[in-house]
>>> print(open('entry17.txt').read())   # compact mmCIF, C-alpha atoms and all ligand atoms
# COMPACT_ATOMS: atom_id res chain seq x y z
CA MET A 27 173.20 90.96 74.34
CA GLU A 28 171.27 92.15 77.36
CA GLU A 29 170.05 89.31 79.53
CA ALA A 30 166.27 88.84 79.27
CA ARG A 31 164.36 90.17 82.27
CA LYS A 32 163.14 87.40 84.52
CA LYS A 33 159.37 87.43 84.72
CA VAL A 34 157.97 88.41 88.09
CA VAL A 35 155.54 86.22 90.01
CA LEU A 36 153.55 87.22 93.07
CA SER A 37 151.06 85.23 95.04
CA GLY A 38 149.75 84.81 98.56
CA ILE A 39 147.70 82.66 100.87
CA GLN A 40 145.78 83.84 103.91
CA PRO A 41 147.32 82.36 107.06
CA SER A 42 143.88 82.10 108.63
CA GLY A 43 144.17 78.43 109.54
CA THR A 44 145.92 75.31 108.37
CA LEU A 45 146.31 75.19 104.60
CA THR A 46 144.15 72.72 102.71
CA ILE A 47 145.06 70.41 99.85
CA GLY A 48 143.10 72.91 97.72
CA ASN A 49 145.62 75.62 98.65
CA TYR A 50 148.47 73.20 98.06
CA LEU A 51 147.35 71.69 94.74
CA GLY A 52 145.72 74.86 93.44
CA ALA A 53 148.51 77.28 94.34
CA LEU A 54 151.47 76.41 96.54
CA ARG A 55 152.70 73.47 94.52
CA ASN A 56 152.78 75.58 91.36
CA TRP A 57 154.71 78.24 93.18
CA THR A 58 157.49 75.77 93.88
CA LYS A 59 157.68 74.87 90.19
CA MET A 60 158.20 78.51 89.26
CA GLN A 61 160.95 79.37 91.69
CA ASP A 62 163.87 78.50 89.39
CA ASP A 63 162.75 80.42 86.34
CA PHE A 64 160.93 83.43 87.73
CA LEU A 65 161.55 86.20 90.21
CA CYS A 66 159.08 85.10 92.86
CA TYR A 67 157.45 86.98 95.72
CA TYR A 68 155.33 84.77 97.91
CA MET A 69 153.56 86.30 100.83
CA LEU A 70 151.46 85.39 103.80
CA ALA A 71 148.39 87.56 103.27
CA ASP A 72 147.86 88.31 106.95
CA LEU A 73 146.31 91.76 106.37
CA HIS A 74 143.57 90.02 104.42
CA THR A 75 142.73 87.64 107.27
CA ILE A 76 141.30 90.29 109.59
CA THR A 77 138.38 90.92 107.26
CA VAL A 78 137.03 87.97 109.27
CA ARG A 79 137.58 87.98 113.06
CA GLN A 80 140.78 86.23 114.12
CA VAL A 81 141.99 85.20 117.57
CA PRO A 82 145.25 87.21 117.84
CA ALA A 83 147.39 84.47 119.41
CA GLU A 84 146.12 81.98 116.83
CA LEU A 85 146.81 84.36 113.95
CA ARG A 86 150.41 84.83 115.11
CA GLN A 87 150.87 81.08 115.40
CA ASN A 88 149.21 80.47 112.03
CA CYS A 89 151.59 82.93 110.37
CA LEU A 90 154.57 80.99 111.63
CA LYS A 91 153.01 77.65 110.74
CA THR A 92 152.09 78.80 107.24
CA ALA A 93 155.64 80.04 106.67
CA ALA A 94 156.85 76.59 107.73
CA VAL A 95 154.37 74.93 105.34
CA TYR A 96 155.63 77.12 102.48
CA LEU A 97 159.17 75.91 103.11
CA ALA A 98 158.09 72.32 103.76
CA ALA A 99 156.31 72.35 100.40
CA GLY A 100 159.66 73.06 98.80
CA LEU A 101 159.96 76.84 98.54
CA ASP A 102 163.59 77.84 98.89
CA PRO A 103 164.14 81.18 100.64
CA GLU A 104 167.45 81.53 98.80
CA LYS A 105 165.58 81.61 95.50
CA ILE A 106 162.39 83.42 96.39
CA THR A 107 161.26 86.29 98.60
CA LEU A 108 158.96 84.96 101.28
CA PHE A 109 157.37 87.61 103.45
CA LEU A 110 154.54 88.67 105.70
CA GLN A 111 152.28 91.24 104.10
CA SER A 112 151.85 93.23 107.34
CA MET A 113 155.62 93.74 107.56
CA VAL A 114 155.58 95.72 104.30
CA PRO A 115 153.52 98.88 104.92
CA ALA A 116 153.49 99.76 101.20
CA HIS A 117 150.66 97.22 100.74
CA SER A 118 148.27 99.22 102.92
CA GLN A 119 149.54 102.50 101.50
CA LEU A 120 149.02 101.56 97.87
CA ALA A 121 145.67 99.97 98.69
CA TRP A 122 144.36 103.37 99.81
CA VAL A 123 145.44 105.04 96.59
CA LEU A 124 143.94 102.26 94.49
CA ASP A 125 140.69 102.45 96.48
CA CYS A 126 140.28 105.84 94.83
CA TYR A 127 140.64 104.28 91.39
CA THR A 128 138.19 101.43 91.94
CA MET A 129 134.50 101.76 91.31
CA MET A 130 131.79 100.61 93.72
CA GLY A 131 130.16 98.82 90.80
CA GLU A 132 133.30 96.74 90.31
CA LEU A 133 133.45 95.76 93.98
CA ASN A 134 129.73 94.96 94.02
CA ARG A 135 130.34 92.29 91.39
CA MET A 136 132.94 90.34 93.38
CA THR A 137 131.53 86.91 94.11
CA GLN A 138 133.82 86.32 97.10
CA PHE A 139 132.40 89.42 98.78
CA LYS A 140 128.89 88.16 98.22
CA ASP A 141 129.77 84.69 99.59
CA LYS A 142 131.66 85.96 102.60
CA SER A 143 129.07 88.53 103.56
CA ALA A 144 126.45 85.81 103.45
CA ARG A 145 128.60 83.61 105.72
CA HIS A 146 129.55 86.42 108.14
CA ALA A 147 126.33 88.40 108.17
CA ASP A 148 127.17 89.86 111.59
CA ASN A 149 130.44 91.38 110.36
CA ILE A 150 130.09 92.78 106.85
CA ASN A 151 132.88 95.31 107.25
CA GLY A 152 134.49 97.74 104.83
CA GLY A 153 137.62 95.62 104.64
CA LEU A 154 135.66 92.67 103.31
CA TYR A 155 134.33 94.94 100.59
CA THR A 156 137.63 96.57 99.58
CA TYR A 157 139.63 93.34 100.00
CA PRO A 158 140.17 92.94 96.22
CA VAL A 159 141.79 96.39 96.11
CA LEU A 160 144.35 95.36 98.72
CA MET A 161 144.97 92.27 96.63
CA ALA A 162 145.48 94.45 93.55
CA ALA A 163 148.01 96.49 95.55
CA ASP A 164 149.82 93.26 96.54
CA ILE A 165 150.21 92.32 92.91
CA LEU A 166 150.89 95.71 91.33
CA LEU A 167 153.55 96.76 93.87
CA TYR A 168 155.89 94.07 92.52
CA GLN A 169 155.11 94.72 88.84
CA ALA A 170 154.10 91.06 88.66
CA ASP A 171 153.70 89.42 85.26
CA CYS A 172 151.83 86.41 86.58
CA VAL A 173 149.83 85.42 89.60
CA PRO A 174 149.53 81.67 90.17
CA VAL A 175 146.18 81.10 91.92
CA GLY A 176 143.22 78.78 92.09
CA LYS A 177 140.12 79.48 90.05
CA ASP A 178 138.31 81.35 92.83
CA GLN A 179 140.87 84.17 92.70
CA ILE A 180 140.72 84.82 88.94
CA GLN A 181 138.03 87.46 89.29
CA HIS A 182 140.26 89.37 91.72
CA VAL A 183 143.26 89.23 89.40
CA GLU A 184 141.06 90.52 86.60
CA LEU A 185 140.06 93.45 88.76
CA ALA A 186 143.75 94.13 89.44
CA ARG A 187 144.25 94.25 85.67
CA ASP A 188 141.39 96.72 85.27
CA ILE A 189 142.72 98.94 88.04
CA ALA A 190 146.24 98.84 86.55
CA ASN A 191 144.95 99.73 83.10
CA ARG A 192 142.83 102.54 84.47
CA PHE A 193 145.72 104.03 86.46
CA ASN A 194 148.13 103.66 83.53
CA GLY A 195 145.59 105.33 81.28
CA VAL A 196 145.33 108.36 83.54
CA TYR A 197 149.00 108.76 84.53
CA SER A 198 151.02 106.94 81.84
CA GLU A 199 152.63 103.52 82.25
CA THR A 200 153.03 102.84 85.98
CA PHE A 201 152.01 99.25 86.59
CA ARG A 202 152.65 96.07 84.67
CA VAL A 203 149.31 94.44 83.86
CA PRO A 204 149.35 90.97 85.47
CA GLU A 205 147.88 87.69 84.34
CA ALA A 206 146.35 84.93 86.43
CA LEU A 207 147.85 81.48 86.04
CA THR A 208 145.91 78.33 86.97
CA THR A 209 146.54 74.64 86.53
CA GLN A 210 144.19 72.39 84.70
CA ASN A 211 142.99 69.76 87.13
CA SER A 212 143.61 71.37 90.45
CA ALA A 213 142.39 74.94 89.93
CA SER A 214 139.28 74.17 91.93
CA ILE A 215 139.37 71.29 94.40
CA ARG A 216 135.87 70.72 95.75
CA SER A 217 134.65 69.90 99.25
CA LEU A 218 134.51 66.14 99.86
CA SER A 219 131.19 66.42 101.66
CA ASP A 220 129.61 68.77 99.11
CA PRO A 221 131.49 68.66 95.81
CA THR A 222 129.39 71.47 94.39
CA LYS A 223 131.31 73.78 96.76
CA LYS A 224 134.98 74.70 96.85
CA MET A 225 137.13 73.01 99.49
CA SER A 226 137.87 75.73 102.01
CA LYS A 227 139.95 76.34 105.15
CA SER A 228 136.94 77.54 107.08
CA GLU A 229 134.77 74.47 106.53
CA SER A 230 134.36 72.36 109.61
CA GLY A 231 133.58 68.68 109.21
CA ASP A 232 135.07 66.14 106.88
CA GLY A 233 134.86 67.98 103.58
CA THR A 234 138.32 69.53 103.81
CA ILE A 235 141.69 67.81 103.93
CA PHE A 236 144.31 69.91 105.68
CA VAL A 237 147.96 69.53 104.75
CA LEU A 238 148.73 68.64 108.37
CA ASP A 239 146.05 65.94 108.67
CA PRO A 240 147.51 62.58 109.77
CA LYS A 241 147.16 59.58 107.46
CA ASP A 242 144.22 57.96 109.24
CA VAL A 243 142.25 61.20 109.04
CA VAL A 244 143.00 61.59 105.32
CA LEU A 245 141.89 58.01 104.63
CA ARG A 246 138.71 58.47 106.66
CA LYS A 247 137.74 61.75 104.99
CA ILE A 248 138.27 60.35 101.52
CA ARG A 249 136.43 57.13 102.38
CA LYS A 250 133.44 59.27 103.43
CA ALA A 251 133.61 61.53 100.34
CA VAL A 252 130.24 62.00 98.68
CA THR A 253 130.02 60.22 95.30
CA ASP A 254 127.14 58.87 93.19
CA SER A 255 125.36 55.59 92.64
CA ASP A 256 126.78 54.92 89.18
CA GLY A 257 129.73 52.96 90.58
CA GLU A 258 132.08 53.58 87.65
CA VAL A 259 135.29 55.52 88.00
CA ARG A 260 135.03 57.81 84.98
CA ARG A 261 134.79 61.52 84.39
CA ALA A 262 131.31 62.65 83.40
CA GLU A 263 129.06 65.63 83.70
CA GLY A 264 127.20 65.66 87.01
CA LYS A 265 129.55 63.14 88.69
CA HIS A 266 130.90 65.96 90.87
CA GLY A 267 132.31 63.78 93.64
CA ILE A 268 134.14 61.36 91.33
CA ASN A 269 135.37 64.17 89.06
CA ASN A 270 136.80 65.85 92.15
CA LEU A 271 138.52 62.70 93.40
CA MET A 272 139.90 62.14 89.90
CA ASN A 273 141.23 65.70 89.90
CA ILE A 274 142.92 65.13 93.24
CA TYR A 275 144.35 61.75 92.22
CA SER A 276 145.56 63.10 88.91
CA ALA A 277 147.14 66.18 90.53
CA VAL A 278 148.94 64.03 93.08
CA THR A 279 150.07 61.15 90.84
CA GLY A 280 150.38 62.90 87.47
CA LYS A 281 148.11 60.27 85.88
CA THR A 282 145.73 61.28 83.11
CA ASP A 283 141.98 60.66 83.17
CA GLY A 284 142.40 57.80 80.70
CA GLU A 285 145.03 56.13 82.86
CA ILE A 286 142.89 56.50 85.96
CA GLU A 287 139.81 55.11 84.23
CA ARG A 288 141.79 52.08 83.01
CA GLU A 289 143.39 51.53 86.41
CA PHE A 290 139.98 51.33 88.08
CA ALA A 291 137.91 49.74 85.32
CA GLY A 292 135.62 47.16 86.87
CA LYS A 293 136.65 48.13 90.39
CA GLY A 294 134.39 49.92 92.83
CA TYR A 295 134.59 53.33 94.43
CA GLY A 296 135.95 51.80 97.64
CA GLU A 297 139.14 50.69 95.95
CA PHE A 298 139.50 54.00 94.13
CA LYS A 299 139.00 56.00 97.31
CA LEU A 300 141.63 53.94 99.09
CA ALA A 301 144.13 54.63 96.31
CA VAL A 302 143.36 58.35 96.37
CA GLY A 303 143.69 58.37 100.16
CA GLU A 304 147.03 56.56 100.10
CA ALA A 305 148.42 58.86 97.41
CA VAL A 306 147.33 62.02 99.26
CA ALA A 307 148.57 60.74 102.63
CA ASP A 308 151.96 59.86 101.14
CA LEU A 309 152.34 63.29 99.63
CA LEU A 310 151.30 65.02 102.85
CA GLY A 311 153.52 62.75 104.97
CA GLY A 312 156.60 64.16 103.23
CA ILE A 313 155.45 67.75 103.75
CA GLN A 314 154.59 67.07 107.39
CA ARG A 315 158.05 65.71 108.21
CA GLU A 316 159.66 68.82 106.73
CA PHE A 317 157.11 71.01 108.50
CA GLU A 318 158.11 69.60 111.90
CA ARG A 319 161.75 70.24 111.11
CA TYR A 320 161.11 73.91 110.27
CA MET A 321 158.80 74.46 113.24
CA ALA A 322 161.58 73.26 115.52
CA ASP A 323 163.77 76.11 114.25
CA LYS A 324 161.81 79.27 114.91
CA ALA A 325 164.96 81.40 114.74
CA PHE A 326 165.48 80.32 111.14
CA LEU A 327 161.84 81.00 110.20
CA ASN A 328 162.06 84.45 111.79
CA GLN A 329 165.22 85.20 109.89
CA VAL A 330 163.60 84.19 106.59
CA LEU A 331 160.65 86.49 107.32
CA ILE A 332 162.83 89.42 108.33
CA GLU A 333 165.03 89.17 105.25
CA GLY A 334 162.01 88.58 103.03
CA ALA A 335 160.28 91.71 104.31
CA GLU A 336 163.41 93.77 103.68
CA ARG A 337 163.72 92.58 100.10
CA ALA A 338 160.01 92.97 99.43
CA SER A 339 159.94 96.46 100.97
CA TYR A 340 162.72 97.64 98.74
CA VAL A 341 160.82 96.70 95.57
CA ALA A 342 157.40 97.74 96.88
CA ASN A 343 158.62 101.16 98.02
CA LYS A 344 159.98 101.91 94.59
CA THR A 345 156.54 101.38 93.03
CA LEU A 346 154.82 103.28 95.81
CA ALA A 347 157.13 106.29 95.40
CA LYS A 348 156.37 106.31 91.68
CA VAL A 349 152.63 106.23 92.37
CA TYR A 350 152.79 108.98 94.98
CA ARG A 351 154.69 111.18 92.55
CA LYS A 352 152.26 110.52 89.74
CA VAL A 353 149.12 111.28 91.73
CA GLY A 354 150.68 114.57 92.87
CA PHE A 355 151.66 114.10 96.51
CA TYR A 356 154.23 116.74 97.44
CA ASP A 357 157.37 115.46 99.14
CA PRO A 358 159.89 118.15 100.12
CA ARG A 359 162.66 115.52 100.25
CA ARG A 360 162.49 115.05 96.49
P1 LIG A 401 143.23 81.90 99.87
O1 LIG A 401 144.02 82.04 101.12
O2 LIG A 401 141.76 81.70 100.01
O3 LIG A 401 143.78 80.72 99.01
C1 LIG A 401 145.14 80.67 98.65
C2 LIG A 401 145.31 80.07 97.28
O4 LIG A 401 144.76 78.75 97.23
C3 LIG A 401 143.81 78.68 96.18
N1 LIG A 401 142.72 77.80 96.60
C4 LIG A 401 142.30 76.74 95.91
N2 LIG A 401 142.71 76.22 94.75
C5 LIG A 401 142.07 75.10 94.30
N3 LIG A 401 141.05 74.52 94.99
C6 LIG A 401 140.61 75.03 96.15
N4 LIG A 401 139.63 74.45 96.81
C7 LIG A 401 141.24 76.20 96.66
N5 LIG A 401 141.06 76.94 97.77
C8 LIG A 401 141.97 77.92 97.71
C9 LIG A 401 143.32 80.10 95.98
O5 LIG A 401 142.77 80.28 94.69
C10 LIG A 401 144.59 80.88 96.19
O6 LIG A 401 145.38 80.88 95.02
N6 LIG A 401 142.88 86.59 98.28
C11 LIG A 401 143.73 85.42 98.30
C12 LIG A 401 145.08 85.67 98.92
C13 LIG A 401 145.82 86.80 98.31
C14 LIG A 401 146.47 86.79 97.05
C15 LIG A 401 147.05 88.09 96.93
C16 LIG A 401 146.63 85.84 96.05
C17 LIG A 401 145.99 88.01 98.87
N7 LIG A 401 146.73 88.79 98.03
C18 LIG A 401 147.75 88.46 95.78
C19 LIG A 401 147.34 86.21 94.90
C20 LIG A 401 147.89 87.51 94.78
C21 LIG A 401 143.03 84.35 99.10
O7 LIG A 401 142.19 84.60 99.92
O8 LIG A 401 143.52 83.11 98.88
>>> encode(input="entry17.txt", output="structure tokens", more="lines below")
Ligand code: TYM
Amino acid sequence: MEEARKKVVLSGIQPSGTLTIGNYLGALRNWTKMQDDFLCYYMLADLHTITVRQVPAELRQNCLKTAAVYLAAGLDPEKITLFLQSMVPAHSQLAWVLDCYTMMGELNRMTQFKDKSARHADNINGGLYTYPVLMAADILLYQADCVPVGKDQIQHVELARDIANRFNGVYSETFRVPEALTTQNSASIRSLSDPTKKMSKSESGDGTIFVLDPKDVVLRKIRKAVTDSDGEVRRAEGKHGINNLMNIYSAVTGKTDGEIEREFAGKGYGEFKLAVGEAVADLLGGIQREFERYMADKAFLNQVLIEGAERASYVANKTLAKVYRKVGFYDPRR
């Protein structure tokens, strides 16, 4: 019997700063769980980062650091393909083609575009607008079956599905139609200082926990997290801060809501926050030790990125060649 085809997974994170526990719990950690059973392509979405101004030297350093965080989180470059998006030109090439199969109306609906253009009113560039098309290219190039992401990226994956279906409809089956995959409690980790907002890399202040934050900083940020005056550790509508801390605690410890509520019955928020802080700091401590080890071996990181880009290019170029042929580009070599 023919061996079943391994399902393909693709995902990415923008190396625009230090990753947050939102990135880790919402995406990266799930990636590591998939690496044994799926054919995984995990990229550093560096092309996406320049939709917002970056300091070049910092971007270069952040790419290396993010690669080290990927490995420190447990991704094994022997099992997966880890690569930098900018090292695989097919991403930009397919993005252009797909731009021509994406409607302005679709892009106008993207909530991330609306948010980011409000936050960067002085730099509402074309890249920010067509960003979801580049993301569709990222996914479709690898014929991905699933895309493990946090909740904020679901709308983009849905657009990738629409673009794939549209292209397939016009030219016959070309792309596999991908599905977004999210986890229950950690699909949307909220800011500690304003739990109505998503925790984000670009937030300054104490609302965001970065994976490289030292223990005392983690404990302080969680101690200061905004909660409510009810005083009871239980999940309920409107208790945004506590719901968020419960999500974090549950994602880190594996405990259910019921277990958490029993553990802290009759105890105050102070005690709960301390437990959440300790659990998060312990988890991050392990990642940080591994991170330092990888950062001390730049030659190894470079090698992983070079080999990753070669493997990714091979697969991506196959899809791109198919697309070029289908849309009618003439190539005298064929
Ligand atoms: P980015 O870099 O903003 O975030 C990377 C991943 O982390 C998830 N995430 C969160 N999950 C839970 N709670 C949060 N507070 C939180 N913040 C971020 C995101 O949902 C994402 O899964 N456009 C993408 C990067 C990208 C991509 C791709 C992803 C480019 N091409 C192709 C998947 C497939 C982005 O900006 O993610």
>>> closest_atom_pairs(input="entry17.txt", of="chain A", to="ligand LIG 401 (chain A)", cutoff="6 Å", atoms="all atoms listed in the file", output="tab-separated table")
residue	atom	partner	partner_atom	distance
A:Leu36	CA	A:LIG401	C20	5.9
A:Ser37	CA	A:LIG401	C19	3.8
A:Gly38	CA	A:LIG401	C14	4.1
A:Ile39	CA	A:LIG401	O1	3.7
A:Gln40	CA	A:LIG401	O1	3.8
A:Gly48	CA	A:LIG401	C6	3.6
A:Asn49	CA	A:LIG401	O4	3.5
A:Gly52	CA	A:LIG401	N2	3.6
A:Ala53	CA	A:LIG401	O6	4.8
A:Ala71	CA	A:LIG401	C17	5.0
A:Met161	CA	A:LIG401	N7	4.1
A:Asp164	CA	A:LIG401	C18	5.3
A:Ile165	CA	A:LIG401	C18	5.4
A:Val173	CA	A:LIG401	C19	5.9
A:Val175	CA	A:LIG401	O6	3.2
A:Gly176	CA	A:LIG401	O5	3.0
A:Lys177	CA	A:LIG401	O5	5.4
A:Asp178	CA	A:LIG401	O5	4.9
A:Gln179	CA	A:LIG401	O5	4.8
A:Ser212	CA	A:LIG401	C5	5.6
A:Ala213	CA	A:LIG401	C5	4.4
A:Ser214	CA	A:LIG401	N3	3.6
A:Ile215	CA	A:LIG401	N3	3.7
A:Arg216	CA	A:LIG401	N4	5.4
A:Lys224	CA	A:LIG401	N4	4.7
A:Met225	CA	A:LIG401	N4	3.9
A:Ser226	CA	A:LIG401	N5	5.4
>>> residues_around(input="entry17.txt", residues="segment 136-139 of chain A", least_positions_apart="3", cutoff="8 Å", atoms="all atoms listed in the file", output="PyMOL selection string")
chain A and resi 132-133+142-143+154-155+178+181-182
>>> closest_atom_pairs(input="entry17.txt", of="segment 94-156 of chain A", to="segment 73-76 of chain A", cutoff="9 Å", atoms="all atoms listed in the file", output="Markdown table")
| residue | atom | partner | partner_atom | distance |
| --- | --- | --- | --- | --- |
| A:Leu110 | CA | A:Leu73 | CA | 8.8 |
| A:Gln111 | CA | A:Leu73 | CA | 6.4 |
| A:Ser112 | CA | A:Leu73 | CA | 5.8 |
| A:His117 | CA | A:Leu73 | CA | 9.0 |
| A:Ser118 | CA | A:Leu73 | CA | 8.4 |
| A:Gly153 | CA | A:Ile76 | CA | 8.2 |
| A:Leu154 | CA | A:His74 | CA | 8.4 |
>>> write_last_selection(input="entry17.txt", atoms="C-alpha atoms", output="mmCIF file, keeping the file's coordinate frame")
data_model
loop_
_atom_site.group_PDB
_atom_site.id
_atom_site.type_symbol
_atom_site.label_atom_id
_atom_site.label_comp_id
_atom_site.auth_asym_id
_atom_site.auth_seq_id
_atom_site.Cartn_x
_atom_site.Cartn_y
_atom_site.Cartn_z
ATOM 1 C CA LEU A 110 154.540 88.670 105.700
ATOM 2 C CA GLN A 111 152.280 91.240 104.100
ATOM 3 C CA SER A 112 151.850 93.230 107.340
ATOM 4 C CA HIS A 117 150.660 97.220 100.740
ATOM 5 C CA SER A 118 148.270 99.220 102.920
ATOM 6 C CA GLY A 153 137.620 95.620 104.640
ATOM 7 C CA LEU A 154 135.660 92.670 103.310
#
>>> residues_around(input="entry17.txt", residues="Ser228 of chain A", least_positions_apart="5", cutoff="9 Å", atoms="all atoms listed in the file", output="PDB file with C-alpha atoms, in the coordinates of the input")
ATOM      1  CA  SER A  42     143.880  82.100 108.630  1.00  0.00           C
ATOM      2  CA  GLY A  43     144.170  78.430 109.540  1.00  0.00           C
ATOM      3  CA  THR A 234     138.320  69.530 103.810  1.00  0.00           C
TER       4      THR A 234
END
>>> closest_residue(input="entry17.txt", among="A:Leu101, A:Leu218, A:Ile189, A:Leu108", to="Met69 of chain A", atoms="only C-alpha atoms")
A:Leu108
>>> atom_distance(input="entry17.txt", atom1="atom CA of Ile274 of chain A", atom2="atom CA of Ser230 of chain A")
19.8 Å
>>> residues_around(input="entry17.txt", residues="Gln119 of chain A", least_positions_apart="3", cutoff="12 Å", atoms="all atoms listed in the file", output="list in words")
Gln111, Ser112, Val114, Pro115, Ala116, Trp122, Val123, Leu124, Asp125, Cys126, Val159, Leu160, Ala163, Asp164, Leu167, Ala342, Asn343, Thr345, Leu346, Ala347, Val349 and Tyr350 of chain A
>>> closest_residue(input="entry17.txt", among="A:Met130, A:Cys89, A:Val183, A:Val306", to="Leu238 of chain A", atoms="all atoms listed in the file")
A:Val306
>>> atom_distance(input="entry17.txt", atom1="atom CA of Ala206 of chain A", atom2="atom CA of Asn191 of chain A")
15.2 Å
>>> residues_around(input="entry17.txt", residues="Arg202 of chain A", least_positions_apart="6", cutoff="7 Å", atoms="only C-alpha atoms", output="PyMOL selection string")
chain A and resi 166+169-171
>>> residues_near_point(input="entry17.txt", point="(152.7, 79.5, 115.1)", cutoff="12 Å", atoms="all atoms listed in the file", output="list of chain:residue names")
A:Pro41, A:Ser42, A:Gly43, A:Thr44, A:Pro82, A:Ala83, A:Glu84, A:Leu85, A:Arg86, A:Gln87, A:Asn88, A:Cys89, A:Leu90, A:Lys91, A:Thr92, A:Ala93, A:Ala94, A:Val95, A:Phe317, A:Glu318, A:Tyr320, A:Met321, A:Ala322, A:Asp323, A:Lys324, A:Leu327, A:Asn328
>>> atom_distance(input="entry17.txt", atom1="atom CA of Thr77 of chain A", atom2="atom CA of Tyr157 of chain A")
7.8 Å
>>> closest_residue(input="entry17.txt", among="A:Ala325, A:Val78, A:Ile268, A:Val237", to="Val252 of chain A", atoms="all atoms listed in the file")
A:Ile268
>>> residues_around(input="entry17.txt", residues="Phe290 of chain A", least_positions_apart="4", cutoff="7 Å", atoms="only C-alpha atoms", output="PyMOL selection string")
chain A and resi 259+286+298
>>> closest_residue(input="entry17.txt", among="A:Leu45, A:Leu97, A:Gly284, A:Tyr275", to="Ala301 of chain A", atoms="all atoms listed in the file")
A:Tyr275
>>> decode(input="entry17.txt", residues="segment 271-276 of chain A", atoms="all heavy atoms", output="PDB file, in the first residue's frame")
ATOM      1  N   LEU A 271      -5.425  35.851  32.425  1.00  0.00           N
ATOM      2  CA  LEU A 271      -4.422  35.185  33.283  1.00  0.00           C
ATOM      3  C   LEU A 271      -4.737  33.692  33.409  1.00  0.00           C
ATOM      4  O   LEU A 271      -3.834  32.856  33.459  1.00  0.00           O
ATOM      5  CB  LEU A 271      -4.369  35.844  34.666  1.00  0.00           C
ATOM      6  CG  LEU A 271      -3.787  37.260  34.701  1.00  0.00           C
ATOM      7  CD1 LEU A 271      -3.882  37.854  36.108  1.00  0.00           C
ATOM      8  CD2 LEU A 271      -2.331  37.281  34.226  1.00  0.00           C
ATOM      9  N   MET A 272      -6.029  33.355  33.441  1.00  0.00           N
ATOM     10  CA  MET A 272      -6.399  31.934  33.489  1.00  0.00           C
ATOM     11  C   MET A 272      -5.977  31.237  32.192  1.00  0.00           C
ATOM     12  O   MET A 272      -5.492  30.099  32.215  1.00  0.00           O
ATOM     13  CB  MET A 272      -7.905  31.758  33.725  1.00  0.00           C
ATOM     14  CG  MET A 272      -8.294  32.036  35.170  1.00  0.00           C
ATOM     15  SD  MET A 272     -10.059  31.846  35.505  1.00  0.00           S
ATOM     16  CE  MET A 272     -10.274  30.067  35.423  1.00  0.00           C
ATOM     17  N   ASN A 273      -6.153  31.924  31.076  1.00  0.00           N
ATOM     18  CA  ASN A 273      -5.717  31.342  29.792  1.00  0.00           C
ATOM     19  C   ASN A 273      -4.213  31.076  29.802  1.00  0.00           C
ATOM     20  O   ASN A 273      -3.756  30.029  29.364  1.00  0.00           O
ATOM     21  CB  ASN A 273      -6.045  32.293  28.629  1.00  0.00           C
ATOM     22  CG  ASN A 273      -7.510  32.251  28.267  1.00  0.00           C
ATOM     23  OD1 ASN A 273      -8.211  31.308  28.613  1.00  0.00           O
ATOM     24  ND2 ASN A 273      -7.975  33.270  27.571  1.00  0.00           N
ATOM     25  N   ILE A 274      -3.472  32.058  30.304  1.00  0.00           N
ATOM     26  CA  ILE A 274      -2.012  31.913  30.323  1.00  0.00           C
ATOM     27  C   ILE A 274      -1.624  30.760  31.256  1.00  0.00           C
ATOM     28  O   ILE A 274      -0.851  29.876  30.884  1.00  0.00           O
ATOM     29  CB  ILE A 274      -1.334  33.240  30.772  1.00  0.00           C
ATOM     30  CG1 ILE A 274      -1.597  34.346  29.738  1.00  0.00           C
ATOM     31  CG2 ILE A 274       0.162  33.038  30.997  1.00  0.00           C
ATOM     32  CD1 ILE A 274      -1.127  35.731  30.153  1.00  0.00           C
ATOM     33  N   TYR A 275      -2.210  30.766  32.439  1.00  0.00           N
ATOM     34  CA  TYR A 275      -1.868  29.736  33.437  1.00  0.00           C
ATOM     35  C   TYR A 275      -2.238  28.347  32.913  1.00  0.00           C
ATOM     36  O   TYR A 275      -1.474  27.387  33.037  1.00  0.00           O
ATOM     37  CB  TYR A 275      -2.617  30.042  34.738  1.00  0.00           C
ATOM     38  CG  TYR A 275      -2.144  29.258  35.937  1.00  0.00           C
ATOM     39  CD1 TYR A 275      -0.819  29.328  36.355  1.00  0.00           C
ATOM     40  CD2 TYR A 275      -3.028  28.462  36.667  1.00  0.00           C
ATOM     41  CE1 TYR A 275      -0.390  28.607  37.471  1.00  0.00           C
ATOM     42  CE2 TYR A 275      -2.609  27.750  37.778  1.00  0.00           C
ATOM     43  CZ  TYR A 275      -1.283  27.824  38.174  1.00  0.00           C
ATOM     44  OH  TYR A 275      -0.865  27.112  39.269  1.00  0.00           O
ATOM     45  N   SER A 276      -3.394  28.262  32.305  1.00  0.00           N
ATOM     46  CA  SER A 276      -3.853  26.982  31.780  1.00  0.00           C
ATOM     47  C   SER A 276      -2.952  26.523  30.621  1.00  0.00           C
ATOM     48  O   SER A 276      -2.570  25.347  30.539  1.00  0.00           O
ATOM     49  CB  SER A 276      -5.308  27.140  31.333  1.00  0.00           C
ATOM     50  OG  SER A 276      -5.623  26.224  30.338  1.00  0.00           O
TER      51      SER A 276
END
